[in-house]
Each structure stands twice: as structure tokens, then as C-alpha cells.
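**Student:** Submitted below is the structure of interest, expressed as C-alpha cells.
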There are 2 protein chains.
Amino acid sequence: MPKQAAPLALIDLSTETPCCPPIAQSRIPAEVATVLAPAFKALGDPVRLQLMSMIASAPDGEACVCDLTPAFELSGPTISHHLKTLREAGLVDAERRGTWVYYRARPGIMRQLAALLTVETTAAGA
Amino acid sequence: MPKQAAPLALIDLSTETPCCPPIAQSRIPAEVATVLAPAFKALGDPVRLQLMSMIASAPDGEACVCDLTPAFELSGPTISHHLKTLREAGLVDAERRGTWVYYRARPGIMRQLAALLTVETTAAGA
DNA sequence: ACGCTGTTTCGACATCTGTCAACCTAGACG
DNA sequence: CGTCTAGGTTGACAGATGTCGAAACAGCGT
């Protein structure tokens, strides 16, 4: 394993870092896996996946907690906890505007995760 | 949202089911989230993410356990357990050929997950 | 039959999930 | 200006789930 300039020692998920080729193309380094796994883990829950979808697909690109909470059979604090998980995973951004809190998706990291899973349709083999 | 023929009542991850538009495009139904979340969860571990990458990027499209295990500081059973998780999530296929077991990635579901995370670069807004 | 390879089972330990209570913030009203 | 009400977050806790290691089991080759 040759050491590159090692610019990926710490990957800033906040940016649009185009850090990684698809995992089907080259083996992912341990550091990258360590940093990106939490993002996948955050999406590894049905409620959070739906929350993420509701936020990302919101008309104005942002969703109010007051719209998210009643969409589930869960209590307010539980939704808040899930949102915190998404926030800590770097998937969403929160902003308080007046009484309500609005959540906004980060396209950068989502693009990164999508790129990671990309499979060339032609090189599918078989 | 009119009901289509509702073919996604049970989503077969084994197939190339083009079941879902990107989550940034339309809100993901609860059933889809329930079915796909385990796949993300399976990728939500650094070791499994690396395993997945090693399998998907293997020259012949398949990787032997005997190659995977020594790449980690973990015991054989632990690697086996992680591989089982990937298998149960529908991400990989196992095949015993002689003494060794070979794992092969399923491009279908990976494409599906990637599509789900896709964000139109143009519609990024802002 | 023996040894090797990989999986499974079992158990200890850690982490995650969801709820209740308390707290903080912002706006409304007297 | 003080207080009251409403919306969200945080902290603490039981229950469930996941992680990993040690030992035992099953398939394959010699």
C-alpha cells in the first residue's frame, strides 16, 4: 500500500470532497471507511431514511420539524434524536428561524455516498 | 400520488428492481425505507464497508475469504459474521468452490442504493 | 483418518432505540 | 416588562440490538 500524499487523513464531509472512487473500482482505505461508515449507519434506519428523504425532497430544500414529527407514530423527542443522528453524521444542517427549526440536506455528502456505490453499467461483467 | 400497480409491496433486492426514484426527488414510502434501511445499515460498519469494497473491486468480481480475513486485525469468526451480515442484507452472494468460499457483489442492489442517493447536480438549488 | 478452512453457536460487552421529565428559546398577551 | 403558552432539544433511563471472541461443528483434500 503506497502512501499517497495522504490528504485523506481526515475527510471533511462538510465539503464536496471528491475523495473516493467507487468501491467497486478500488479498495477503500480503512480511514475512508471509518469516516464514511457512520453516514451509512445513519441511513440504516427506516425512520431516518424517511426523514432524510422528506428533507431532501422538500420543495424549498428544507423541512420544518413541525412537518416531520406528525408524519411518524413516534414522539417528538425520538424524532429529535434521529435528527440529531443525521446531523452528527453530516447529512443534514439545522437552522433555527423564529419559533421553528428547519433542516436542510447536504447534497455534497449524499453525492459522495452515491459515487461510492456507483457501478459501471457496462463493466458489470457476467 | 396515485397508486401504481403497487409492485413494491415487497421489494426483491435480488433483482435489478428499479423500484425507487432518488430520495431527493420524492419522499420515500415507509415500506421501501423498511426494506432498504438494512442494506445501508449493513454498510454502516467500517469493516463491512471495506469488505464490500474488496469484494466489489476484486479482479474477477469475486473474493476468497482467505484473502479477506488476513486484511484485518480481526479473528476469522468475526469476519465470517460480518460477511453473513452482508449476505443477509442481500449485498453479496456466497459460493463454495472446493475448499474455499468465494464472495461476489450484487451490482443490482448497489445500483439501487446509489440511485437512491443520487442528487441532480443541476437541481442542487442555492 | 487427520488436518485445514470456514461457519455456526454461545455468551459477555457495548451501542442503539424510544419514552418520560426537565430545560431553553421564541412569540403572545396583559 | 413579566408571564404564559407552544415548539424543540437535551439528559437519564429500560429494553432491544449489534459487536466481537472462544469453542465446537461441518465440508474438503491428502
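How things are named: the first chain in the C-alpha cells is A, the next is B, and so on; residues count from 1 in each chain; ligands count from 1 in the order shown.
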Report the residues of segment 69-110 of chain A whose backbone DSSP state falls under helix (DSSP H, G or I), written as a PyMOL selection string.
**Tutor:** chain A and resi 69-71+76-88+107-110
**Student:** Would you mind exporting N, CA, C and O atoms of the selected residues as an mmCIF file, in the first residue's frame?
**Tutor:**
```
data_model
loop_
_atom_site.group_PDB
_atom_site.id
_atom_site.type_symbol
_atom_site.label_atom_id
_atom_site.label_comp_id
_atom_site.auth_asym_id
_atom_site.auth_seq_id
_atom_site.Cartn_x
_atom_site.Cartn_y
_atom_site.Cartn_z
ATOM 1 N N THR A 69 -42.372 15.684 12.368
ATOM 2 C CA THR A 69 -42.824 14.912 13.524
ATOM 3 C C THR A 69 -44.175 14.225 13.316
ATOM 4 O O THR A 69 -44.304 13.030 13.575
ATOM 5 N N PRO A 70 -45.198 14.956 12.858
ATOM 6 C CA PRO A 70 -46.509 14.308 12.734
ATOM 7 C C PRO A 70 -46.566 13.232 11.664
ATOM 8 O O PRO A 70 -47.567 12.536 11.554
ATOM 9 N N ALA A 71 -45.499 13.085 10.883
ATOM 10 C CA ALA A 71 -45.506 12.079 9.822
ATOM 11 C C ALA A 71 -45.180 10.687 10.364
ATOM 12 O O ALA A 71 -45.238 9.709 9.631
ATOM 13 N N GLY A 76 -42.060 13.339 19.881
ATOM 14 C CA GLY A 76 -41.190 14.431 19.471
ATOM 15 C C GLY A 76 -39.732 14.191 19.798
ATOM 16 O O GLY A 76 -38.882 14.297 18.913
ATOM 17 N N PRO A 77 -39.408 13.893 21.030
ATOM 18 C CA PRO A 77 -38.005 13.664 21.381
ATOM 19 C C PRO A 77 -37.342 12.582 20.538
ATOM 20 O O PRO A 77 -36.167 12.702 20.189
ATOM 21 N N THR A 78 -38.090 11.536 20.220
ATOM 22 C CA THR A 78 -37.499 10.472 19.403
ATOM 23 C C THR A 78 -37.112 11.006 18.026
ATOM 24 O O THR A 78 -36.008 10.751 17.536
ATOM 25 N N ILE A 79 -38.018 11.759 17.403
ATOM 26 C CA ILE A 79 -37.692 12.349 16.104
ATOM 27 C C ILE A 79 -36.484 13.262 16.244
ATOM 28 O O ILE A 79 -35.569 13.251 15.409
ATOM 29 N N SER A 80 -36.481 14.031 17.318
ATOM 30 C CA SER A 80 -35.367 14.949 17.543
ATOM 31 C C SER A 80 -34.046 14.184 17.655
ATOM 32 O O SER A 80 -33.014 14.616 17.148
ATOM 33 N N HIS A 81 -34.093 13.048 18.312
ATOM 34 C CA HIS A 81 -32.889 12.231 18.442
ATOM 35 C C HIS A 81 -32.410 11.725 17.087
ATOM 36 O O HIS A 81 -31.221 11.748 16.797
ATOM 37 N N HIS A 82 -33.363 11.262 16.292
ATOM 38 C CA HIS A 82 -32.986 10.772 14.962
ATOM 39 C C HIS A 82 -32.400 11.903 14.126
ATOM 40 O O HIS A 82 -31.423 11.714 13.404
ATOM 41 N N LEU A 83 -32.995 13.077 14.244
ATOM 42 C CA LEU A 83 -32.474 14.222 13.504
ATOM 43 C C LEU A 83 -31.070 14.575 13.975
ATOM 44 O O LEU A 83 -30.208 14.949 13.175
ATOM 45 N N LYS A 84 -30.855 14.420 15.266
ATOM 46 C CA LYS A 84 -29.519 14.686 15.787
ATOM 47 C C LYS A 84 -28.506 13.705 15.199
ATOM 48 O O LYS A 84 -27.380 14.071 14.864
ATOM 49 N N THR A 85 -28.938 12.459 15.078
ATOM 50 C CA THR A 85 -28.069 11.454 14.476
ATOM 51 C C THR A 85 -27.699 11.839 13.047
ATOM 52 O O THR A 85 -26.536 11.765 12.655
ATOM 53 N N LEU A 86 -28.703 12.269 12.286
ATOM 54 C CA LEU A 86 -28.436 12.691 10.909
ATOM 55 C C LEU A 86 -27.501 13.897 10.894
ATOM 56 O O LEU A 86 -26.624 14.011 10.038
ATOM 57 N N ARG A 87 -27.714 14.784 11.860
ATOM 58 C CA ARG A 87 -26.890 15.984 11.936
ATOM 59 C C ARG A 87 -25.448 15.611 12.237
ATOM 60 O O ARG A 87 -24.509 16.087 11.594
ATOM 61 N N GLU A 88 -25.264 14.741 13.222
ATOM 62 C CA GLU A 88 -23.909 14.356 13.609
ATOM 63 C C GLU A 88 -23.209 13.549 12.521
ATOM 64 O O GLU A 88 -21.985 13.496 12.465
ATOM 65 N N PRO A 107 -26.135 18.235 -0.025
ATOM 66 C CA PRO A 107 -26.003 17.466 -1.262
ATOM 67 C C PRO A 107 -24.615 16.868 -1.404
ATOM 68 O O PRO A 107 -24.450 15.797 -1.971
ATOM 69 N N GLY A 108 -23.625 17.524 -0.857
ATOM 70 C CA GLY A 108 -22.249 17.078 -1.024
ATOM 71 C C GLY A 108 -22.017 15.660 -0.561
ATOM 72 O O GLY A 108 -21.587 14.804 -1.332
ATOM 73 N N ILE A 109 -22.348 15.404 0.677
ATOM 74 C CA ILE A 109 -22.065 14.068 1.196
ATOM 75 C C ILE A 109 -22.934 13.015 0.534
ATOM 76 O O ILE A 109 -22.496 11.906 0.279
ATOM 77 N N MET A 110 -24.156 13.399 0.192
ATOM 78 C CA MET A 110 -25.013 12.430 -0.493
ATOM 79 C C MET A 110 -24.427 12.055 -1.841
ATOM 80 O O MET A 110 -24.434 10.897 -2.238
#
```
**Student:** Tell me the residues of chain C close to chain A, meaning within 12 Å using only C-alpha atoms (C1' of nucleotides), as a list in words.
**Tutor:**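 On the chain C side, the interface is DC16, DT17, DG18, DT19, DC20, DA21, DT25, DA26 and DG27 of chain C.
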**Student:** Mind listing as a list in words which residues of chain D are within 12 Å of chain A, counting only C-alpha atoms (C1' of nucleotides)?
**Tutor:**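 Every residue meeting the condition is included here: DA6, DG7, DG8, DT9, DT10 and DG11 of chain D.
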**Student:** Limited to N, CA and C atoms (P, O5', C5', C4', C3', O3' and C1' of nucleotides), could you put the picked residues into a file as a CSV table (one decimal), in the first residue's frame?
**Tutor:**
```csv
chain,number,residue,atom,x,y,z
D,6,DA,P,-50.6,26.1,24.7
D,6,DA,O5',-49.4,26.1,23.6
D,6,DA,C5',-49.5,27.0,22.5
D,6,DA,C4',-48.2,26.9,21.6
D,6,DA,C3',-47.9,25.4,21.3
D,6,DA,O3',-47.5,25.3,19.9
D,6,DA,C1',-46.0,26.4,22.3
D,7,DG,P,-47.2,23.9,19.2
D,7,DG,O5',-45.6,24.0,19.0
D,7,DG,C5',-45.1,25.0,18.1
D,7,DG,C4',-43.6,24.9,18.1
D,7,DG,C3',-43.0,23.5,17.7
D,7,DG,O3',-41.9,23.7,16.9
D,7,DG,C1',-42.2,24.2,19.8
D,8,DG,P,-41.4,22.5,16.0
D,8,DG,O5',-39.9,22.4,16.5
D,8,DG,C5',-39.6,22.5,17.8
D,8,DG,C4',-38.1,22.5,18.1
D,8,DG,C3',-37.4,21.1,17.8
D,8,DG,O3',-36.1,21.3,17.4
D,8,DG,C1',-37.6,21.6,20.1
D,9,DT,P,-35.1,20.0,17.3
D,9,DT,O5',-34.3,20.0,18.7
D,9,DT,C5',-33.6,21.2,19.0
D,9,DT,C4',-33.0,21.1,20.4
D,9,DT,C3',-32.1,19.8,20.6
D,9,DT,O3',-30.8,20.3,21.0
D,9,DT,C1',-33.7,19.9,22.3
D,10,DT,P,-29.6,19.2,21.1
D,10,DT,O5',-29.6,18.8,22.6
D,10,DT,C5',-29.4,19.8,23.7
D,10,DT,C4',-29.7,19.2,25.0
D,10,DT,C3',-28.9,17.9,25.4
D,10,DT,O3',-28.1,18.1,26.5
D,10,DT,C1',-31.2,17.7,26.0
D,11,DG,P,-27.0,17.0,26.9
D,11,DG,O5',-27.8,16.2,28.1
D,11,DG,C5',-28.2,16.9,29.2
D,11,DG,C4',-28.9,16.0,30.2
D,11,DG,C3',-28.2,14.7,30.4
D,11,DG,O3',-28.1,14.4,31.8
D,11,DG,C1',-30.4,14.3,29.8
```
**Student:** What gap, in Å, lies between atom CA of Asp45 of chain B and atom CA of Leu36 of chain A?
**Tutor:** 8.8 Å
**Student:** Quick one: which residues from chain A are at most 6 Å off chain B, using only C-alpha atoms, as an MDAnalysis selection string?
**Tutor:** chainID A and resid 23:28 33:34 37:38 40:41 43:46 50 53:54 56:57 110 114 117:118
**Student:** Just the strand (DSSP E or B) stuff from chain B, please, per backbone DSSP, written as an NGL selection string.
**Tutor:** :B and (62-64 or 92-97 or 100-105)
